[in-house]
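Student: Got a structure here, written out as structure tokens. Questions coming.
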Amino acid sequence: MHNWTQERKVLIQGIAEPLAIHAVAKMKAYGTNIVAGIGIGRGGSKIEGVPVFELVEEATARVGAIYTSILFVPPNCVLDAALEAMAANIHRLILVTDRVPPLDMMRLFRKARDRNTLILGGGSQGLILPGKVLLGICEAHCYTPGNVALISRGSGLLDEVAWALTRAGIGQSMAIDLGSSEAIGSGFDKWLGMVVRDRKTKAIALLESAMMGNEEAANFIPNNIRKPIFAYISGRNVPITPFPQDTTKLILSQCSAPIPHSSTAEAKLAACDRANIPIADSPTRLAKLLQETLKEEVKRKRKPLLTSKHESTTPR
């Protein structure tokens, strides 16, 4: 599993963007180690106490190797910014930026595969390890440390569900937003493998929007996963009309995860049913399902080994 900690160095590309300035202040307050920012025409200045450079290679020469870069640059600048980061040996990119040109995303995905680079997004809120590190624009007050991992594909869905769990007394080990763009770099299958191997995670919740084609989550779950998995699908009653078959969406459907409106809530429910994944009809119901499961897990671990005790005390 990728080792995101407070000690790992973080770069902000597009640090002069209004959303970036707002997010940097929150991330620093949470303890995230933001060591540099990239802002064209702002080199030599500081933003929220973070030194700003013109180029990524200038930043790495000054602060050393960087573990993660978070991109807030305008959509038409994402490809160049990401390639610049990869050229500087930064192999974890979080694309907060949405609506990146589709051909740019195709080129970026191809390069990322060649360079073994993990891309989260576009249109991602980022990820958070509650109590440890915040990378992106998640609302930190919605999260609390615990042992439930959240993997989301839907705009704003992650914060909403995390807050419902927090209010129910259920903490999170990690929360990841895959992004709301038509094309995303890494999907449920990539992150599911990570959280399954995470020793702190005892249960997993897959969060999907009915407005996005994501039944891939259920389709990628192996039969041998022992950790309990639940799903919540938002917007199940929202009427969805067929999307126009324009060139952009057709191209993206061949290079990324399923695209918006390419599936329905019914398709997602059916996929979860085939994978034997319990489905919650609201964040509150999801919290109750998780509470019941985690309580059963505690009881199972505390159950005395009566057979072994009997065998050890019975004379032979």
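Ordering of the structure tokens sets the chain letters (A, B, ...); residue numbers start at 1 within each chain; ligands are numbered from 1 in the order shown.
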Using the chain letters and numbers from this document, which residues of segment 38-121 of chain A does DSSP assign to helix (DSSP H, G or I), as JSON, numbers by chain?

Tutor: {"A": [56, 57, 58, 59, 60, 61, 62, 63, 75, 76, 77, 78, 79, 80, 81, 82, 83, 84, 85, 86, 87, 102, 103, 104, 105, 106, 107, 108, 109, 110, 111, 112, 113, 114, 115]}

Student: Would you kindly return, as a VMD selection string, each protein, DNA or RNA residue with an atom no farther than 10 Å from any atom of Met86 of chain A, considering only C-alpha atoms and excluding same-chain residues fewer than 2 positions away?

Tutor: chain A and resid 56 69 80 to 84 88 to 93 111 to 112 115 to 117

Student: Using the selection just defined, write its residues with N, CA and C atoms as a PDB file, in the first residue's frame.

Tutor:
ATOM      1  N   VAL A  56       8.835  22.568 -11.760  1.00  0.00           N
ATOM      2  CA  VAL A  56       8.912  21.461 -10.802  1.00  0.00           C
ATOM      3  C   VAL A  56      10.368  21.099 -10.527  1.00  0.00           C
ATOM      4  N   SER A  69       2.147  14.955  -5.922  1.00  0.00           N
ATOM      5  CA  SER A  69       1.793  16.281  -6.429  1.00  0.00           C
ATOM      6  C   SER A  69       0.280  16.368  -6.578  1.00  0.00           C
ATOM      7  N   ASP A  80       0.437  19.053 -19.449  1.00  0.00           N
ATOM      8  CA  ASP A  80       1.814  19.543 -19.330  1.00  0.00           C
ATOM      9  C   ASP A  80       2.291  19.495 -17.885  1.00  0.00           C
ATOM     10  N   ALA A  81       1.425  19.883 -16.945  1.00  0.00           N
ATOM     11  CA  ALA A  81       1.808  19.878 -15.533  1.00  0.00           C
ATOM     12  C   ALA A  81       2.090  18.465 -15.042  1.00  0.00           C
ATOM     13  N   ALA A  82       1.250  17.515 -15.441  1.00  0.00           N
ATOM     14  CA  ALA A  82       1.440  16.126 -15.012  1.00  0.00           C
ATOM     15  C   ALA A  82       2.706  15.528 -15.613  1.00  0.00           C
ATOM     16  N   LEU A  83       2.953  15.798 -16.887  1.00  0.00           N
ATOM     17  CA  LEU A  83       4.168  15.295 -17.518  1.00  0.00           C
ATOM     18  C   LEU A  83       5.406  15.896 -16.861  1.00  0.00           C
ATOM     19  N   GLU A  84       5.333  17.153 -16.489  1.00  0.00           N
ATOM     20  CA  GLU A  84       6.454  17.797 -15.810  1.00  0.00           C
ATOM     21  C   GLU A  84       6.713  17.137 -14.466  1.00  0.00           C
ATOM     22  N   ALA A  88      10.015  14.711 -13.167  1.00  0.00           N
ATOM     23  CA  ALA A  88      10.758  14.977 -11.934  1.00  0.00           C
ATOM     24  C   ALA A  88      10.645  13.805 -10.957  1.00  0.00           C
ATOM     25  N   ASN A  89      10.216  12.631 -11.475  1.00  0.00           N
ATOM     26  CA  ASN A  89      10.119  11.399 -10.671  1.00  0.00           C
ATOM     27  C   ASN A  89       9.106  11.502  -9.535  1.00  0.00           C
ATOM     28  N   ILE A  90       8.004  12.177  -9.794  1.00  0.00           N
ATOM     29  CA  ILE A  90       6.870  12.185  -8.866  1.00  0.00           C
ATOM     30  C   ILE A  90       5.852  11.201  -9.437  1.00  0.00           C
ATOM     31  N   HIS A  91       5.552  10.152  -8.689  1.00  0.00           N
ATOM     32  CA  HIS A  91       4.771   9.046  -9.243  1.00  0.00           C
ATOM     33  C   HIS A  91       3.394   8.880  -8.613  1.00  0.00           C
ATOM     34  N   ARG A  92       2.939   9.885  -7.876  1.00  0.00           N
ATOM     35  CA  ARG A  92       1.585   9.881  -7.337  1.00  0.00           C
ATOM     36  C   ARG A  92       0.985  11.261  -7.608  1.00  0.00           C
ATOM     37  N   LEU A  93      -0.019  11.305  -8.494  1.00  0.00           N
ATOM     38  CA  LEU A  93      -0.627  12.561  -8.907  1.00  0.00           C
ATOM     39  C   LEU A  93      -2.110  12.562  -8.546  1.00  0.00           C
ATOM     40  N   LYS A 111       1.141   7.713 -20.756  1.00  0.00           N
ATOM     41  CA  LYS A 111       2.427   8.047 -20.150  1.00  0.00           C
ATOM     42  C   LYS A 111       2.509   7.530 -18.724  1.00  0.00           C
ATOM     43  N   ALA A 112       1.409   7.622 -17.972  1.00  0.00           N
ATOM     44  CA  ALA A 112       1.400   7.149 -16.590  1.00  0.00           C
ATOM     45  C   ALA A 112       1.655   5.649 -16.521  1.00  0.00           C
ATOM     46  N   ARG A 115       5.326   5.070 -17.017  1.00  0.00           N
ATOM     47  CA  ARG A 115       6.155   5.543 -15.903  1.00  0.00           C
ATOM     48  C   ARG A 115       5.735   4.962 -14.552  1.00  0.00           C
ATOM     49  N   ASN A 116       4.770   4.022 -14.569  1.00  0.00           N
ATOM     50  CA  ASN A 116       4.292   3.409 -13.337  1.00  0.00           C
ATOM     51  C   ASN A 116       3.832   4.474 -12.336  1.00  0.00           C
ATOM     52  N   THR A 117       3.024   5.389 -12.826  1.00  0.00           N
ATOM     53  CA  THR A 117       2.541   6.502 -12.021  1.00  0.00           C
ATOM     54  C   THR A 117       1.073   6.302 -11.667  1.00  0.00           C
TER      55      THR A 117
END

Student: Calculate how many Å separate atom CA of Ser186 of chain A from atom CA of Lys200 of chain A, rounding to one decimal.

Tutor: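 Atom-to-atom, atom CA of Ser186 of chain A and atom CA of Lys200 of chain A are spaced 22.1 Å apart.
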
Student: Would you list the contacts of Val196 of chain A as a VMD selection string, taking every protein, DNA or RNA residue within 10 Å and counting only C-alpha atoms, but skipping same-chain residues closer than 2 positions in sequence?

Tutor: chain A and resid 1 149 191 to 194 198 to 204 225 to 228

Student: Keeping only N, CA and C atoms, write the selected residues as a PDB file, in the first residue's frame.

Tutor:
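Ended up saving to selection-v8.pdb:
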ATOM      1  N   MET A   1       0.844  -1.195   0.000  1.00  0.00           N
ATOM      2  CA  MET A   1       0.000   0.000   0.000  1.00  0.00           C
ATOM      3  C   MET A   1       0.875   1.239   0.000  1.00  0.00           C
ATOM      4  N   ALA A 149     -12.817   1.735   5.489  1.00  0.00           N
ATOM      5  CA  ALA A 149     -12.281   2.412   4.310  1.00  0.00           C
ATOM      6  C   ALA A 149     -13.420   2.790   3.376  1.00  0.00           C
ATOM      7  N   TRP A 191      -7.765   0.611  -6.074  1.00  0.00           N
ATOM      8  CA  TRP A 191      -7.806   1.023  -4.674  1.00  0.00           C
ATOM      9  C   TRP A 191      -8.357  -0.052  -3.762  1.00  0.00           C
ATOM     10  N   LEU A 192      -9.221  -0.904  -4.294  1.00  0.00           N
ATOM     11  CA  LEU A 192      -9.749  -1.988  -3.477  1.00  0.00           C
ATOM     12  C   LEU A 192      -8.633  -2.914  -3.027  1.00  0.00           C
ATOM     13  N   GLY A 193      -7.706  -3.197  -3.947  1.00  0.00           N
ATOM     14  CA  GLY A 193      -6.571  -4.037  -3.572  1.00  0.00           C
ATOM     15  C   GLY A 193      -5.742  -3.426  -2.465  1.00  0.00           C
ATOM     16  N   MET A 194      -5.592  -2.105  -2.492  1.00  0.00           N
ATOM     17  CA  MET A 194      -4.814  -1.423  -1.455  1.00  0.00           C
ATOM     18  C   MET A 194      -5.483  -1.525  -0.084  1.00  0.00           C
ATOM     19  N   ASP A 198      -4.616  -3.371   3.755  1.00  0.00           N
ATOM     20  CA  ASP A 198      -4.379  -2.483   4.893  1.00  0.00           C
ATOM     21  C   ASP A 198      -4.838  -3.151   6.189  1.00  0.00           C
ATOM     22  N   ARG A 199      -3.925  -3.357   7.111  1.00  0.00           N
ATOM     23  CA  ARG A 199      -4.242  -4.076   8.351  1.00  0.00           C
ATOM     24  C   ARG A 199      -5.227  -3.318   9.231  1.00  0.00           C
ATOM     25  N   LYS A 200      -5.225  -2.001   9.139  1.00  0.00           N
ATOM     26  CA  LYS A 200      -6.118  -1.211   9.994  1.00  0.00           C
ATOM     27  C   LYS A 200      -7.565  -1.283   9.518  1.00  0.00           C
ATOM     28  N   THR A 201      -7.775  -1.526   8.245  1.00  0.00           N
ATOM     29  CA  THR A 201      -9.118  -1.547   7.683  1.00  0.00           C
ATOM     30  C   THR A 201      -9.823  -2.866   8.001  1.00  0.00           C
ATOM     31  N   LYS A 202     -11.002  -2.764   8.639  1.00  0.00           N
ATOM     32  CA  LYS A 202     -11.784  -3.946   9.002  1.00  0.00           C
ATOM     33  C   LYS A 202     -13.033  -4.110   8.142  1.00  0.00           C
ATOM     34  N   ALA A 203     -13.452  -3.031   7.475  1.00  0.00           N
ATOM     35  CA  ALA A 203     -14.620  -3.094   6.598  1.00  0.00           C
ATOM     36  C   ALA A 203     -14.450  -2.052   5.500  1.00  0.00           C
ATOM     37  N   ILE A 204     -15.149  -2.266   4.393  1.00  0.00           N
ATOM     38  CA  ILE A 204     -14.996  -1.398   3.222  1.00  0.00           C
ATOM     39  C   ILE A 204     -16.374  -0.968   2.735  1.00  0.00           C
ATOM     40  N   ILE A 225     -12.152 -12.284  -0.761  1.00  0.00           N
ATOM     41  CA  ILE A 225     -11.947 -11.179   0.176  1.00  0.00           C
ATOM     42  C   ILE A 225     -12.720 -11.456   1.460  1.00  0.00           C
ATOM     43  N   ARG A 226     -12.021 -11.454   2.579  1.00  0.00           N
ATOM     44  CA  ARG A 226     -12.647 -11.776   3.858  1.00  0.00           C
ATOM     45  C   ARG A 226     -13.233 -10.554   4.550  1.00  0.00           C
ATOM     46  N   LYS A 227     -12.762  -9.387   4.222  1.00  0.00           N
ATOM     47  CA  LYS A 227     -13.275  -8.185   4.867  1.00  0.00           C
ATOM     48  C   LYS A 227     -14.672  -7.869   4.352  1.00  0.00           C
ATOM     49  N   PRO A 228     -15.592  -7.525   5.257  1.00  0.00           N
ATOM     50  CA  PRO A 228     -16.954  -7.215   4.807  1.00  0.00           C
ATOM     51  C   PRO A 228     -16.977  -5.967   3.929  1.00  0.00           C
TER      52      PRO A 228
END

Student: Mind checking which residues fall within 7 Å of segment 27-32 of chain A, counting only C-alpha atoms, ignoring those fewer than 5 positions away in the same chain, and posting them as a PyMOL selection string?

Tutor: chain A and resi 6+133-135

Student: Rank nothing, just name the residue among A:Ala25, A:Leu108, A:Ala280, A:Leu290 nearest to Ile47 of chain A, using only C-alpha atoms.

Tutor: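 Once distances to Ile47 of chain A are computed over only C-alpha atoms, the minimum belongs to A:Ala25.
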
Student: One decimal, in Å: what's the spacing between atom CA of Gly14 of chain A and atom CA of Asp189 of chain A?

Tutor: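 Computing the Euclidean distance for atom CA of Gly14 of chain A and atom CA of Asp189 of chain A yields 29.3 Å.
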
Student: Tell me, as a list in words, which residues lie within 12 Å of Trp163 of chain A, counting only C-alpha atoms; anything in the same chain fewer than 3 positions away does not count.

Tutor: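 The filter keeps Cys138, Glu139, Ala140, His141, Cys142, Tyr143, Thr144, Leu150, Gly156, Leu157, Leu158, Asp159, Glu160, Thr166, Arg167, Ala168, Gly169, Ile170, Gly171, Gln172, Ala175, Pro283, Thr284, Leu286 and Ala287 of chain A.
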
Student: With a distance cut-off of 12 Å and only C-alpha atoms, select the neighbouring residues of Gly136 of chain A, excluding the residue or stretch itself and same-chain residues fewer than 2 positions from it, and output the selection as a PyMOL selection string.

Tutor: chain A and resi 10-13+19-28+30+32+34+68-72+93-97+120-129+133-134+138-140+175-179

Student: Based on the backbone DSSP call, show me all residues of segment 23-74 of chain A assigned strand (DSSP E), as a ChimeraX atom specification.

Tutor: /A:34-38,46-47,50-53,68-71

Student: Store the residues of this selection in a file with N, CA and C atoms, as a JSON list (two decimals), in the first residue's frame.

Tutor:
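Written out: part.json:
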[["chain", "number", "residue", "atom", "x", "y", "z"],
["A", 34, "ILE", "N", 3.38, 20.13, 2.99],
["A", 34, "ILE", "CA", 3.47, 20.81, 1.69],
["A", 34, "ILE", "C", 4.77, 21.60, 1.67],
["A", 35, "VAL", "N", 5.68, 21.19, 0.80],
["A", 35, "VAL", "CA", 7.02, 21.78, 0.80],
["A", 35, "VAL", "C", 7.23, 22.81, -0.29],
["A", 36, "ALA", "N", 6.37, 22.79, -1.32],
["A", 36, "ALA", "CA", 6.57, 23.72, -2.43],
["A", 36, "ALA", "C", 5.31, 23.81, -3.27],
["A", 37, "GLY", "N", 5.25, 24.92, -4.03],
["A", 37, "GLY", "CA", 4.15, 25.11, -4.96],
["A", 37, "GLY", "C", 4.69, 25.59, -6.29],
["A", 38, "ILE", "N", 3.94, 25.34, -7.35],
["A", 38, "ILE", "CA", 4.31, 25.82, -8.67],
["A", 38, "ILE", "C", 3.27, 26.86, -9.12],
["A", 46, "LYS", "N", 5.79, 33.51, -1.69],
["A", 46, "LYS", "CA", 5.23, 32.47, -0.82],
["A", 46, "LYS", "C", 3.71, 32.62, -0.78],
["A", 47, "ILE", "N", 3.03, 31.49, -0.75],
["A", 47, "ILE", "CA", 1.58, 31.46, -0.62],
["A", 47, "ILE", "C", 1.23, 30.57, 0.56],
["A", 50, "VAL", "N", 4.09, 28.74, 1.87],
["A", 50, "VAL", "CA", 4.72, 27.72, 1.01],
["A", 50, "VAL", "C", 5.54, 28.42, -0.06],
["A", 51, "PRO", "N", 6.83, 28.08, -0.21],
["A", 51, "PRO", "CA", 7.65, 28.69, -1.26],
["A", 51, "PRO", "C", 7.16, 28.30, -2.65],
["A", 52, "VAL", "N", 7.11, 29.27, -3.55],
["A", 52, "VAL", "CA", 6.58, 29.05, -4.90],
["A", 52, "VAL", "C", 7.72, 29.10, -5.92],
["A", 53, "PHE", "N", 7.68, 28.14, -6.86],
["A", 53, "PHE", "CA", 8.69, 28.05, -7.91],
["A", 53, "PHE", "C", 7.99, 28.10, -9.27],
["A", 68, "THR", "N", 4.20, 13.21, -3.60],
["A", 68, "THR", "CA", 2.90, 13.40, -4.23],
["A", 68, "THR", "C", 2.77, 14.81, -4.76],
["A", 69, "SER", "N", 2.15, 14.95, -5.92],
["A", 69, "SER", "CA", 1.79, 16.28, -6.43],
["A", 69, "SER", "C", 0.28, 16.37, -6.58],
["A", 70, "ILE", "N", -0.29, 17.49, -6.12],
["A", 70, "ILE", "CA", -1.73, 17.74, -6.24],
["A", 70, "ILE", "C", -1.92, 18.86, -7.25],
["A", 71, "LEU", "N", -2.70, 18.59, -8.30],
["A", 71, "LEU", "CA", -2.83, 19.53, -9.40],
["A", 71, "LEU", "C", -4.13, 20.32, -9.33]]

Student: Looking at only C-alpha atoms, which of A:Arg113, A:Ile233, A:Ile66, A:Glu57 is the one that sits closest to Ala87 of chain A?

Tutor: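 With only C-alpha atoms as the atom set, the closest residue is A:Glu57.
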
Student: For atom CA of Met174 of chain A and atom CA of Asp98 of chain A, determine how far apart the two atoms are, in Å to one decimal place.

Tutor: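 Straight-line distance from atom CA of Met174 of chain A to atom CA of Asp98 of chain A works out to 22.5 Å.
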